[in-house]
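As stored in coords.cif (mmCIF, C-alpha atoms):
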```cif
data_input
loop_
_atom_site.group_PDB
_atom_site.id
_atom_site.type_symbol
_atom_site.label_atom_id
_atom_site.label_comp_id
_atom_site.auth_asym_id
_atom_site.auth_seq_id
_atom_site.Cartn_x
_atom_site.Cartn_y
_atom_site.Cartn_z
ATOM 1 C CA MET Q 94 0.000 0.000 0.000
ATOM 2 C CA GLY Q 95 1.257 3.466 -0.864
ATOM 3 C CA LEU Q 96 0.244 6.747 0.730
ATOM 4 C CA THR Q 97 -2.119 6.962 3.684
ATOM 5 C CA ILE Q 98 -3.462 9.802 5.799
ATOM 6 C CA GLY Q 99 -3.090 10.081 9.549
ATOM 7 C CA VAL Q 100 -5.448 12.262 11.567
ATOM 8 C CA ASP Q 101 -4.525 13.541 15.020
ATOM 9 C CA ILE Q 102 -7.402 15.022 17.005
ATOM 10 C CA GLY Q 103 -6.115 17.581 19.488
ATOM 11 C CA GLY Q 104 -7.853 19.821 21.974
ATOM 12 C CA THR Q 105 -7.469 22.928 19.793
ATOM 13 C CA LYS Q 106 -6.792 21.594 16.293
ATOM 14 C CA ILE Q 107 -7.217 18.569 14.049
ATOM 15 C CA ALA Q 108 -4.135 17.740 11.979
ATOM 16 C CA ALA Q 109 -4.303 15.520 8.888
ATOM 17 C CA GLY Q 110 -1.121 14.445 7.133
ATOM 18 C CA VAL Q 111 -0.157 12.397 4.090
ATOM 19 C CA VAL Q 112 2.404 9.787 5.160
ATOM 20 C CA ASP Q 113 4.512 7.471 3.011
ATOM 21 C CA GLU Q 114 5.718 3.948 3.783
ATOM 22 C CA GLU Q 115 8.865 5.283 5.461
ATOM 23 C CA GLY Q 116 6.888 7.341 7.965
ATOM 24 C CA THR Q 117 7.675 10.639 6.240
ATOM 25 C CA ILE Q 118 4.949 13.299 6.336
ATOM 26 C CA LEU Q 119 4.570 14.732 2.843
ATOM 27 C CA GLU Q 120 1.862 17.292 3.459
ATOM 28 C CA THR Q 121 -0.318 18.436 6.346
ATOM 29 C CA TYR Q 122 -3.527 20.380 6.797
ATOM 30 C CA LYS Q 123 -5.002 21.654 10.050
ATOM 31 C CA VAL Q 124 -8.453 22.803 11.083
ATOM 32 C CA LYS Q 125 -9.771 24.139 14.360
ATOM 33 C CA THR Q 126 -11.239 21.502 16.668
ATOM 34 C CA PRO Q 127 -15.006 22.075 16.865
ATOM 35 C CA GLN Q 128 -17.070 21.779 20.011
ATOM 36 C CA THR Q 129 -19.778 19.280 19.058
ATOM 37 C CA PRO Q 130 -19.545 15.624 17.972
ATOM 38 C CA GLU Q 131 -21.481 16.391 14.785
ATOM 39 C CA ASP Q 132 -19.137 19.187 13.761
ATOM 40 C CA MET Q 133 -16.158 16.977 14.617
ATOM 41 C CA VAL Q 134 -17.012 14.502 11.849
ATOM 42 C CA ASP Q 135 -17.373 17.387 9.391
ATOM 43 C CA ALA Q 136 -13.996 18.830 10.406
ATOM 44 C CA ILE Q 137 -12.170 15.484 10.155
ATOM 45 C CA SER Q 138 -13.680 14.802 6.745
ATOM 46 C CA ALA Q 139 -12.839 18.279 5.492
ATOM 47 C CA ALA Q 140 -9.218 17.964 6.633
ATOM 48 C CA VAL Q 141 -8.862 14.562 4.943
ATOM 49 C CA SER Q 142 -10.394 15.829 1.710
ATOM 50 C CA GLU Q 143 -8.180 18.906 1.651
ATOM 51 C CA VAL Q 144 -4.864 17.149 2.319
ATOM 52 C CA SER Q 145 -5.594 14.382 -0.200
ATOM 53 C CA LYS Q 146 -6.177 16.669 -3.189
ATOM 54 C CA ASN Q 147 -2.703 16.236 -4.645
ATOM 55 C CA HIS Q 148 -2.113 12.617 -3.682
ATOM 56 C CA GLN Q 149 -3.401 9.136 -4.405
ATOM 57 C CA ILE Q 150 -4.543 7.989 -0.972
ATOM 58 C CA GLU Q 151 -5.227 4.380 -0.015
ATOM 59 C CA ALA Q 152 -6.657 4.646 3.506
ATOM 60 C CA VAL Q 153 -7.116 6.909 6.546
ATOM 61 C CA GLY Q 154 -6.152 6.345 10.178
ATOM 62 C CA ILE Q 155 -7.683 8.441 12.954
ATOM 63 C CA GLY Q 156 -6.197 8.790 16.429
ATOM 64 C CA ALA Q 157 -8.868 9.614 19.007
ATOM 65 C CA ALA Q 158 -8.457 10.173 22.747
ATOM 66 C CA GLY Q 159 -10.803 7.636 24.259
ATOM 67 C CA TYR Q 160 -11.899 4.017 24.238
ATOM 68 C CA VAL Q 161 -12.064 2.531 20.741
ATOM 69 C CA ASP Q 162 -13.794 -0.804 20.210
ATOM 70 C CA ASP Q 163 -12.072 -4.013 19.135
ATOM 71 C CA LYS Q 164 -13.105 -3.496 15.497
ATOM 72 C CA ARG Q 165 -11.323 -0.122 15.440
ATOM 73 C CA ALA Q 166 -14.523 1.483 14.235
ATOM 74 C CA THR Q 167 -16.499 2.953 17.135
ATOM 75 C CA VAL Q 168 -15.368 5.383 19.806
ATOM 76 C CA LEU Q 169 -17.017 3.938 22.888
ATOM 77 C CA PHE Q 170 -16.158 6.846 25.150
ATOM 78 C CA ALA Q 171 -14.197 10.056 24.622
ATOM 79 C CA PRO Q 172 -14.360 12.308 27.675
ATOM 80 C CA ASN Q 173 -13.143 15.480 25.971
ATOM 81 C CA ILE Q 174 -15.318 15.226 22.865
ATOM 82 C CA ASN Q 175 -18.524 13.804 24.360
ATOM 83 C CA TRP Q 176 -18.513 10.844 21.981
ATOM 84 C CA ARG Q 177 -20.546 7.909 23.289
ATOM 85 C CA HIS Q 178 -20.610 4.828 21.019
ATOM 86 C CA GLU Q 179 -19.802 7.092 18.089
ATOM 87 C CA PRO Q 180 -19.563 5.119 14.778
ATOM 88 C CA LEU Q 181 -16.686 7.294 13.600
ATOM 89 C CA LYS Q 182 -15.313 4.876 11.001
ATOM 90 C CA ASP Q 183 -18.620 4.587 9.137
ATOM 91 C CA LYS Q 184 -19.367 8.303 9.258
ATOM 92 C CA VAL Q 185 -15.976 9.384 7.937
ATOM 93 C CA GLU Q 186 -15.854 6.641 5.300
ATOM 94 C CA GLN Q 187 -19.175 7.849 3.932
ATOM 95 C CA ARG Q 188 -17.793 11.372 3.625
ATOM 96 C CA VAL Q 189 -14.339 10.692 2.169
ATOM 97 C CA GLY Q 190 -14.837 7.480 0.199
ATOM 98 C CA LEU Q 191 -11.758 5.783 1.658
ATOM 99 C CA PRO Q 192 -11.200 2.907 4.120
ATOM 100 C CA VAL Q 193 -10.871 4.268 7.658
ATOM 101 C CA VAL Q 194 -9.257 2.809 10.778
ATOM 102 C CA VAL Q 195 -9.918 4.406 14.176
ATOM 103 C CA GLU Q 196 -7.386 3.936 16.965
ATOM 104 C CA ASN Q 197 -6.791 5.272 20.450
ATOM 105 C CA ASP Q 198 -4.412 8.214 20.142
ATOM 106 C CA ALA Q 199 -1.867 6.850 22.632
ATOM 107 C CA ASN Q 200 -1.845 3.505 20.782
ATOM 108 C CA ALA Q 201 -1.289 5.361 17.527
ATOM 109 C CA ALA Q 202 1.610 7.339 18.999
ATOM 110 C CA ALA Q 203 3.136 4.184 20.445
ATOM 111 C CA TRP Q 204 2.931 2.470 17.062
ATOM 112 C CA GLY Q 205 4.521 5.473 15.375
ATOM 113 C CA GLU Q 206 7.465 5.412 17.782
ATOM 114 C CA TYR Q 207 7.832 1.644 17.429
ATOM 115 C CA ARG Q 208 7.853 1.746 13.643
ATOM 116 C CA PHE Q 209 9.734 4.939 12.895
ATOM 117 C CA GLY Q 210 11.125 6.375 16.119
ATOM 118 C CA ALA Q 211 12.845 5.239 19.286
ATOM 119 C CA GLY Q 212 11.407 1.727 19.075
ATOM 120 C CA LYS Q 213 13.066 0.748 15.804
ATOM 121 C CA GLY Q 214 14.966 -2.503 16.264
ATOM 122 C CA HIS Q 215 12.838 -3.640 19.224
ATOM 123 C CA ASP Q 216 10.179 -6.369 19.113
ATOM 124 C CA ASP Q 217 8.721 -5.701 22.562
ATOM 125 C CA VAL Q 218 8.115 -2.092 23.552
ATOM 126 C CA ILE Q 219 5.980 -0.319 26.122
ATOM 127 C CA CYS Q 220 5.293 3.368 25.496
ATOM 128 C CA ILE Q 221 4.064 5.906 27.993
ATOM 129 C CA THR Q 222 3.117 9.499 27.291
ATOM 130 C CA LEU Q 223 3.664 11.961 30.111
ATOM 131 C CA GLY Q 224 1.440 14.826 29.063
ATOM 132 C CA THR Q 225 -1.431 16.523 30.844
ATOM 133 C CA GLY Q 226 -2.398 12.973 31.794
ATOM 134 C CA LEU Q 227 -0.637 9.644 31.315
ATOM 135 C CA GLY Q 228 -1.318 7.348 28.371
ATOM 136 C CA GLY Q 229 0.391 4.369 26.843
ATOM 137 C CA GLY Q 230 0.654 1.608 24.295
ATOM 138 C CA ILE Q 231 1.779 -2.017 24.234
ATOM 139 C CA ILE Q 232 3.743 -3.629 21.395
ATOM 140 C CA ILE Q 233 4.660 -7.238 22.112
ATOM 141 C CA GLY Q 234 5.978 -9.589 19.446
ATOM 142 C CA ASN Q 235 5.849 -6.757 16.880
ATOM 143 C CA LYS Q 236 2.094 -6.400 17.327
ATOM 144 C CA LEU Q 237 0.010 -3.658 18.923
ATOM 145 C CA ARG Q 238 -1.806 -5.323 21.800
ATOM 146 C CA ARG Q 239 -5.233 -3.771 22.305
ATOM 147 C CA GLY Q 240 -6.924 -6.366 24.529
ATOM 148 C CA ARG Q 241 -10.125 -8.274 23.879
ATOM 149 C CA PHE Q 242 -12.339 -5.196 23.844
ATOM 150 C CA GLY Q 243 -9.822 -2.752 22.377
ATOM 151 C CA VAL Q 244 -9.240 -0.659 25.490
ATOM 152 C CA ALA Q 245 -5.961 -2.002 26.913
ATOM 153 C CA ALA Q 246 -2.978 0.121 27.996
ATOM 154 C CA GLU Q 247 -4.918 2.721 29.980
ATOM 155 C CA PHE Q 248 -1.859 2.902 32.208
ATOM 156 C CA GLY Q 249 -2.723 6.273 33.656
ATOM 157 C CA HIS Q 250 -5.649 4.738 35.524
ATOM 158 C CA ILE Q 251 -3.791 1.959 37.278
ATOM 159 C CA ARG Q 252 -4.337 2.676 40.975
ATOM 160 C CA VAL Q 253 -0.946 3.171 42.603
ATOM 161 C CA VAL Q 254 -2.182 4.709 45.880
ATOM 162 C CA PRO Q 255 -5.230 3.099 47.508
ATOM 163 C CA ASP Q 256 -7.735 5.825 48.375
ATOM 164 C CA GLY Q 257 -5.287 8.384 46.989
ATOM 165 C CA LEU Q 258 -5.923 11.571 45.061
ATOM 166 C CA LEU Q 259 -9.217 11.845 43.208
ATOM 167 C CA CYS Q 260 -8.786 11.365 39.464
ATOM 168 C CA GLY Q 261 -10.861 12.818 36.663
ATOM 169 C CA CYS Q 262 -11.951 9.274 35.784
ATOM 170 C CA GLY Q 263 -13.798 9.070 39.106
ATOM 171 C CA SER Q 264 -11.365 6.704 40.801
ATOM 172 C CA GLN Q 265 -8.741 7.526 43.429
ATOM 173 C CA GLY Q 266 -4.976 7.105 43.427
ATOM 174 C CA CYS Q 267 -4.508 6.705 39.658
ATOM 175 C CA TRP Q 268 -0.947 6.730 38.364
ATOM 176 C CA GLU Q 269 -1.498 9.874 36.290
ATOM 177 C CA GLN Q 270 -2.287 11.819 39.436
ATOM 178 C CA TYR Q 271 1.341 11.284 40.447
ATOM 179 C CA ALA Q 272 3.188 11.148 37.109
ATOM 180 C CA SER Q 273 1.883 13.695 34.604
ATOM 181 C CA GLY Q 274 2.016 17.351 33.688
ATOM 182 C CA ARG Q 275 -0.775 18.097 36.140
ATOM 183 C CA ALA Q 276 1.138 16.316 38.902
ATOM 184 C CA LEU Q 277 4.296 18.284 38.106
ATOM 185 C CA VAL Q 278 2.478 21.594 38.530
ATOM 186 C CA ARG Q 279 0.912 20.414 41.779
ATOM 187 C CA TYR Q 280 4.301 19.377 43.169
ATOM 188 C CA ALA Q 281 5.809 22.733 42.209
ATOM 189 C CA ARG Q 282 2.994 24.754 43.758
ATOM 190 C CA GLN Q 283 3.104 22.772 46.985
ATOM 191 C CA ARG Q 284 6.854 23.117 47.315
ATOM 192 C CA ALA Q 285 6.897 26.791 46.358
ATOM 193 C CA ASN Q 286 4.243 27.467 48.981
ATOM 194 C CA ALA Q 287 6.234 25.627 51.650
ATOM 195 C CA THR Q 288 9.654 27.111 50.797
ATOM 196 C CA PRO Q 289 9.259 30.198 48.594
ATOM 197 C CA GLU Q 290 12.899 31.101 49.192
ATOM 198 C CA ASN Q 291 13.826 28.013 47.131
ATOM 199 C CA ALA Q 292 11.494 28.964 44.280
ATOM 200 C CA GLU Q 293 12.621 32.468 43.415
ATOM 201 C CA ILE Q 294 13.271 31.714 39.742
ATOM 202 C CA LEU Q 295 10.066 29.714 39.440
ATOM 203 C CA LEU Q 296 7.893 32.411 40.981
ATOM 204 C CA ALA Q 297 9.550 35.129 38.903
ATOM 205 C CA LEU Q 298 8.710 33.271 35.690
ATOM 206 C CA GLY Q 299 5.046 33.259 36.635
ATOM 207 C CA ASP Q 300 3.105 36.167 38.033
ATOM 208 C CA GLY Q 301 4.769 35.949 41.420
ATOM 209 C CA THR Q 302 1.988 33.887 42.987
ATOM 210 C CA ILE Q 303 1.679 30.181 43.749
ATOM 211 C CA ASP Q 304 -1.432 29.813 41.583
ATOM 212 C CA GLY Q 305 0.383 31.502 38.707
ATOM 213 C CA ILE Q 306 2.839 28.617 38.360
ATOM 214 C CA GLU Q 307 2.275 26.624 35.158
ATOM 215 C CA GLY Q 308 4.032 23.673 33.585
ATOM 216 C CA LYS Q 309 6.092 25.821 31.231
ATOM 217 C CA HIS Q 310 7.367 27.796 34.206
ATOM 218 C CA VAL Q 311 8.458 24.627 36.034
ATOM 219 C CA SER Q 312 10.364 23.447 32.964
ATOM 220 C CA ALA Q 313 12.080 26.777 32.390
ATOM 221 C CA ALA Q 314 12.950 27.183 36.061
ATOM 222 C CA ALA Q 315 14.353 23.653 36.292
ATOM 223 C CA ARG Q 316 16.645 24.358 33.353
ATOM 224 C CA GLN Q 317 17.964 27.336 35.329
ATOM 225 C CA GLY Q 318 18.541 25.217 38.417
ATOM 226 C CA ASP Q 319 15.634 26.415 40.559
ATOM 227 C CA PRO Q 320 15.644 24.012 43.556
ATOM 228 C CA VAL Q 321 11.863 23.655 43.797
ATOM 229 C CA ALA Q 322 11.440 23.077 40.078
ATOM 230 C CA VAL Q 323 14.228 20.489 39.958
ATOM 231 C CA ASP Q 324 12.832 18.701 43.004
ATOM 232 C CA SER Q 325 9.363 18.669 41.429
ATOM 233 C CA PHE Q 326 10.736 16.906 38.365
ATOM 234 C CA ARG Q 327 12.479 14.401 40.624
ATOM 235 C CA GLU Q 328 9.205 13.652 42.412
ATOM 236 C CA LEU Q 329 7.385 13.093 39.128
ATOM 237 C CA ALA Q 330 10.262 10.885 37.944
ATOM 238 C CA ARG Q 331 10.162 8.849 41.148
ATOM 239 C CA TRP Q 332 6.537 7.913 40.487
ATOM 240 C CA ALA Q 333 7.081 7.399 36.769
ATOM 241 C CA GLY Q 334 10.054 5.088 37.269
ATOM 242 C CA ALA Q 335 8.286 3.054 39.937
ATOM 243 C CA GLY Q 336 5.365 2.573 37.562
ATOM 244 C CA LEU Q 337 7.671 1.405 34.794
ATOM 245 C CA ALA Q 338 9.127 -1.161 37.182
ATOM 246 C CA ASP Q 339 5.624 -2.553 37.709
ATOM 247 C CA LEU Q 340 5.034 -2.637 33.958
ATOM 248 C CA ALA Q 341 8.308 -4.522 33.541
ATOM 249 C CA SER Q 342 6.944 -7.213 35.839
ATOM 250 C CA LEU Q 343 3.857 -7.476 33.628
ATOM 251 C CA PHE Q 344 5.296 -7.229 30.116
ATOM 252 C CA ASP Q 345 9.095 -7.647 30.307
ATOM 253 C CA PRO Q 346 9.816 -5.391 27.293
ATOM 254 C CA SER Q 347 13.254 -4.678 25.910
ATOM 255 C CA ALA Q 348 12.516 -0.948 25.952
ATOM 256 C CA PHE Q 349 10.274 1.663 27.484
ATOM 257 C CA ILE Q 350 9.716 4.743 25.352
ATOM 258 C CA VAL Q 351 8.795 7.898 27.229
ATOM 259 C CA GLY Q 352 6.985 10.584 25.252
ATOM 260 C CA GLY Q 353 4.588 13.437 25.874
ATOM 261 C CA GLY Q 354 5.244 17.061 26.723
ATOM 262 C CA VAL Q 355 6.966 16.363 30.037
ATOM 263 C CA SER Q 356 9.567 14.210 28.272
ATOM 264 C CA ASP Q 357 10.619 17.205 26.164
ATOM 265 C CA GLU Q 358 12.918 18.117 29.054
ATOM 266 C CA GLY Q 359 15.173 15.202 28.107
ATOM 267 C CA GLU Q 360 17.673 13.982 30.667
ATOM 268 C CA LEU Q 361 16.305 16.376 33.283
ATOM 269 C CA VAL Q 362 13.421 13.932 33.684
ATOM 270 C CA LEU Q 363 14.703 10.774 31.971
ATOM 271 C CA ASP Q 364 17.791 10.277 34.132
ATOM 272 C CA PRO Q 365 15.827 10.287 37.422
ATOM 273 C CA ILE Q 366 13.155 8.074 35.820
ATOM 274 C CA ARG Q 367 15.851 5.516 34.999
ATOM 275 C CA LYS Q 368 17.206 5.679 38.541
ATOM 276 C CA SER Q 369 13.753 5.171 40.022
ATOM 277 C CA PHE Q 370 13.078 2.321 37.602
ATOM 278 C CA ARG Q 371 16.242 0.546 38.709
ATOM 279 C CA ARG Q 372 15.427 1.220 42.367
ATOM 280 C CA TRP Q 373 11.984 -0.390 42.194
ATOM 281 C CA LEU Q 374 12.552 -3.166 39.642
ATOM 282 C CA ILE Q 375 11.913 -6.469 41.386
ATOM 283 C CA GLY Q 376 14.972 -8.686 41.154
ATOM 284 C CA GLY Q 377 16.754 -5.900 39.353
ATOM 285 C CA GLN Q 378 20.200 -6.981 40.446
ATOM 286 C CA TRP Q 379 19.807 -10.363 38.752
ATOM 287 C CA ARG Q 380 17.679 -9.700 35.688
ATOM 288 C CA PRO Q 381 18.277 -7.785 32.433
ATOM 289 C CA HIS Q 382 17.039 -4.195 32.472
ATOM 290 C CA ALA Q 383 14.855 -2.703 29.767
ATOM 291 C CA GLN Q 384 16.162 0.480 28.202
ATOM 292 C CA VAL Q 385 14.314 3.695 29.043
ATOM 293 C CA LEU Q 386 14.396 5.794 25.893
ATOM 294 C CA ALA Q 387 13.198 9.247 24.905
ATOM 295 C CA ALA Q 388 10.538 9.361 22.203
ATOM 296 C CA GLN Q 389 11.846 10.729 18.913
ATOM 297 C CA LEU Q 390 8.807 11.792 16.890
ATOM 298 C CA GLY Q 391 7.386 14.390 19.257
ATOM 299 C CA ASN Q 392 3.846 15.507 18.504
ATOM 300 C CA LYS Q 393 4.002 13.837 15.082
ATOM 301 C CA ALA Q 394 3.957 10.323 16.539
ATOM 302 C CA GLY Q 395 0.176 9.989 16.675
ATOM 303 C CA LEU Q 396 -0.376 11.186 13.121
ATOM 304 C CA VAL Q 397 2.385 8.979 11.700
ATOM 305 C CA GLY Q 398 1.273 5.991 13.738
ATOM 306 C CA ALA Q 399 -2.387 6.344 12.756
ATOM 307 C CA ALA Q 400 -1.413 6.543 9.083
ATOM 308 C CA ASP Q 401 0.719 3.425 9.340
ATOM 309 C CA LEU Q 402 -1.991 1.494 11.188
ATOM 310 C CA ALA Q 403 -4.349 2.355 8.327
ATOM 311 C CA ARG Q 404 -1.732 0.909 5.980
ATOM 312 C CA GLN Q 405 -1.620 -2.293 8.033
ATOM 313 C CA GLY Q 406 -5.374 -2.645 7.575
#
```

Now, as a test, write the supplied structure out as structure tokens.
Amino acid sequence: MGLTIGVDIGGTKIAAGVVDEEGTILETYKVKTPQTPEDMVDAISAAVSEVSKNHQIEAVGIGAAGYVDDKRATVLFAPNINWRHEPLKDKVEQRVGLPVVVENDANAAAWGEYRFGAGKGHDDVICITLGTGLGGGIIIGNKLRRGRFGVAAEFGHIRVVPDGLLCGCGSQGCWEQYASGRALVRYARQRANATPENAEILLALGDGTIDGIEGKHVSAAARQGDPVAVDSFRELARWAGAGLADLASLFDPSAFIVGGGVSDEGELVLDPIRKSFRRWLIGGQWRPHAQVLAAQLGNKAGLVGAADLARQG
């Protein structure tokens, strides 16, 4: 199969891109993300039609944040779009006249990294995305493992603290409450409130108040050596690495790939994640250790992965 289109549905924009067999994006087109499910189908279809004008397209892959059924056709639940049992595949196919595959966005990003990014050369890879929340994907034996009902790898909602912090999913103590962009900001605000003298750079980057601290401020301050910002990254990394150690006990991959916005800070967060992973890995002194690698494709991973999954059929 030749060229396919990948669609990445974001909170503010929908990006559609033509992708070749080598994972190279040849052309992209973006539209604003609408507010209603009905308008969403129109926007996706319009983006696909626009980007395909100058190319012979074989199929379309759509990455959607939510639960996608085992047939990769229906979005069972998408909290940010208000899709409930939305037959997205059928609706878009009717509009664009091309075969469509729908996939969870974290699965699509994981597949993109496995095929064309940090996972190249590995047969067994676990991906996690440390963004606003925490997502993931499982590739074992060179295959994307989705589970019987299509909703596997919701790593962010593994409960790591019984009766812990309330999560947006309705449960308590979910992993993403302790290892995510939201968690990073919470750590920074708590520490800055307790010891403002150690957060001078961090506070100066914001508006001078605790509530004014945002994720971008924590990152910038950490790069400048702000003690509170650096310590906040270490706390996030402690939880992230411990979670990877648990996943190693479940899946025994040769590599973990860490992506998402938080991972953009590189070794600032990856080095302490590796240390925490080694600290909490059961039997770690006697067993081989999986590599912990930085994702390579950035925010293009989901689009590239969705396009390639459409190519796989």

Ground truth for the PyMOL selection byres ((chain Q and resi 221) around 8), written as a list in words: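 For this structure, the PyMOL selection byres ((chain Q and resi 221) around 8) resolves to Ala203, Ile219, Cys220, Thr222, Leu223, Leu227, Gly228, Gly229, Gly230, Phe248, Phe349, Ile350, Val351, Gly352 and Gly353 of chain Q.
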
Atomic distance CA of Ser273 in chain Q - CA of Asp339 in chain Q, expressed in Å with one decimal: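 According to the coordinates, CA of Ser273 in chain Q and CA of Asp339 in chain Q are separated by 17.0 Å.
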
Test item: which residues lie within 10 Å of (-0.3, 2.7, 40.6) counting all atoms listed in the file, as a PyMOL selection string: chain Q and resi 248-255+257+266-272+332-333+335-337+339

Could you take the residues named above and write them with C-alpha atoms, as an mmCIF file, in the frame of the given file?
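Output (selection.cif):
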```
data_model
loop_
_atom_site.group_PDB
_atom_site.id
_atom_site.type_symbol
_atom_site.label_atom_id
_atom_site.label_comp_id
_atom_site.auth_asym_id
_atom_site.auth_seq_id
_atom_site.Cartn_x
_atom_site.Cartn_y
_atom_site.Cartn_z
ATOM 1 C CA PHE Q 248 -1.859 2.902 32.208
ATOM 2 C CA GLY Q 249 -2.723 6.273 33.656
ATOM 3 C CA HIS Q 250 -5.649 4.738 35.524
ATOM 4 C CA ILE Q 251 -3.791 1.959 37.278
ATOM 5 C CA ARG Q 252 -4.337 2.676 40.975
ATOM 6 C CA VAL Q 253 -0.946 3.171 42.603
ATOM 7 C CA VAL Q 254 -2.182 4.709 45.880
ATOM 8 C CA PRO Q 255 -5.230 3.099 47.508
ATOM 9 C CA GLY Q 257 -5.287 8.384 46.989
ATOM 10 C CA GLY Q 266 -4.976 7.105 43.427
ATOM 11 C CA CYS Q 267 -4.508 6.705 39.658
ATOM 12 C CA TRP Q 268 -0.947 6.730 38.364
ATOM 13 C CA GLU Q 269 -1.498 9.874 36.290
ATOM 14 C CA GLN Q 270 -2.287 11.819 39.436
ATOM 15 C CA TYR Q 271 1.341 11.284 40.447
ATOM 16 C CA ALA Q 272 3.188 11.148 37.109
ATOM 17 C CA TRP Q 332 6.537 7.913 40.487
ATOM 18 C CA ALA Q 333 7.081 7.399 36.769
ATOM 19 C CA ALA Q 335 8.286 3.054 39.937
ATOM 20 C CA GLY Q 336 5.365 2.573 37.562
ATOM 21 C CA LEU Q 337 7.671 1.405 34.794
ATOM 22 C CA ASP Q 339 5.624 -2.553 37.709
#
```

Output check: residues returned by the PyMOL selection byres ((chain Q and resi 366) around 7), as number ranges by chain: Q: 330-331, 333-334, 362-365, 367-370

Counting all atoms listed in the file, the option among Q:Gln378, Q:Thr126, Q:Thr225, Q:Gln389 closest to Val355 in chain Q: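 Selected residue with least distance to Val355 in chain Q: Q:Thr225.
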
Selection near range 149-160 of chain Q, 7 Å with all atoms listed in the file, sequence-local residues under 2 positions removed, as a PyMOL selection string: chain Q and resi 94-102+145+162+168-172+191-198+201+244+395+399-400+402-404

Near-Ser138 in chain Q list (10 Å; only C-alpha atoms; drop same-chain fewer than 5 positions) as a PyMOL selection string: chain Q and resi 100+109+132-133+143+184-190

Selection export as a PDB file, in the frame of the given file, atoms kept: C-alpha atoms:
```pdb
ATOM      1  CA  VAL Q 100      -5.448  12.262  11.567  1.00  0.00           C
ATOM      2  CA  ALA Q 109      -4.303  15.520   8.888  1.00  0.00           C
ATOM      3  CA  ASP Q 132     -19.137  19.187  13.761  1.00  0.00           C
ATOM      4  CA  MET Q 133     -16.158  16.977  14.617  1.00  0.00           C
ATOM      5  CA  GLU Q 143      -8.180  18.906   1.651  1.00  0.00           C
ATOM      6  CA  LYS Q 184     -19.367   8.303   9.258  1.00  0.00           C
ATOM      7  CA  VAL Q 185     -15.976   9.384   7.937  1.00  0.00           C
ATOM      8  CA  GLU Q 186     -15.854   6.641   5.300  1.00  0.00           C
ATOM      9  CA  GLN Q 187     -19.175   7.849   3.932  1.00  0.00           C
ATOM     10  CA  ARG Q 188     -17.793  11.372   3.625  1.00  0.00           C
ATOM     11  CA  VAL Q 189     -14.339  10.692   2.169  1.00  0.00           C
ATOM     12  CA  GLY Q 190     -14.837   7.480   0.199  1.00  0.00           C
TER      13      GLY Q 190
END
```
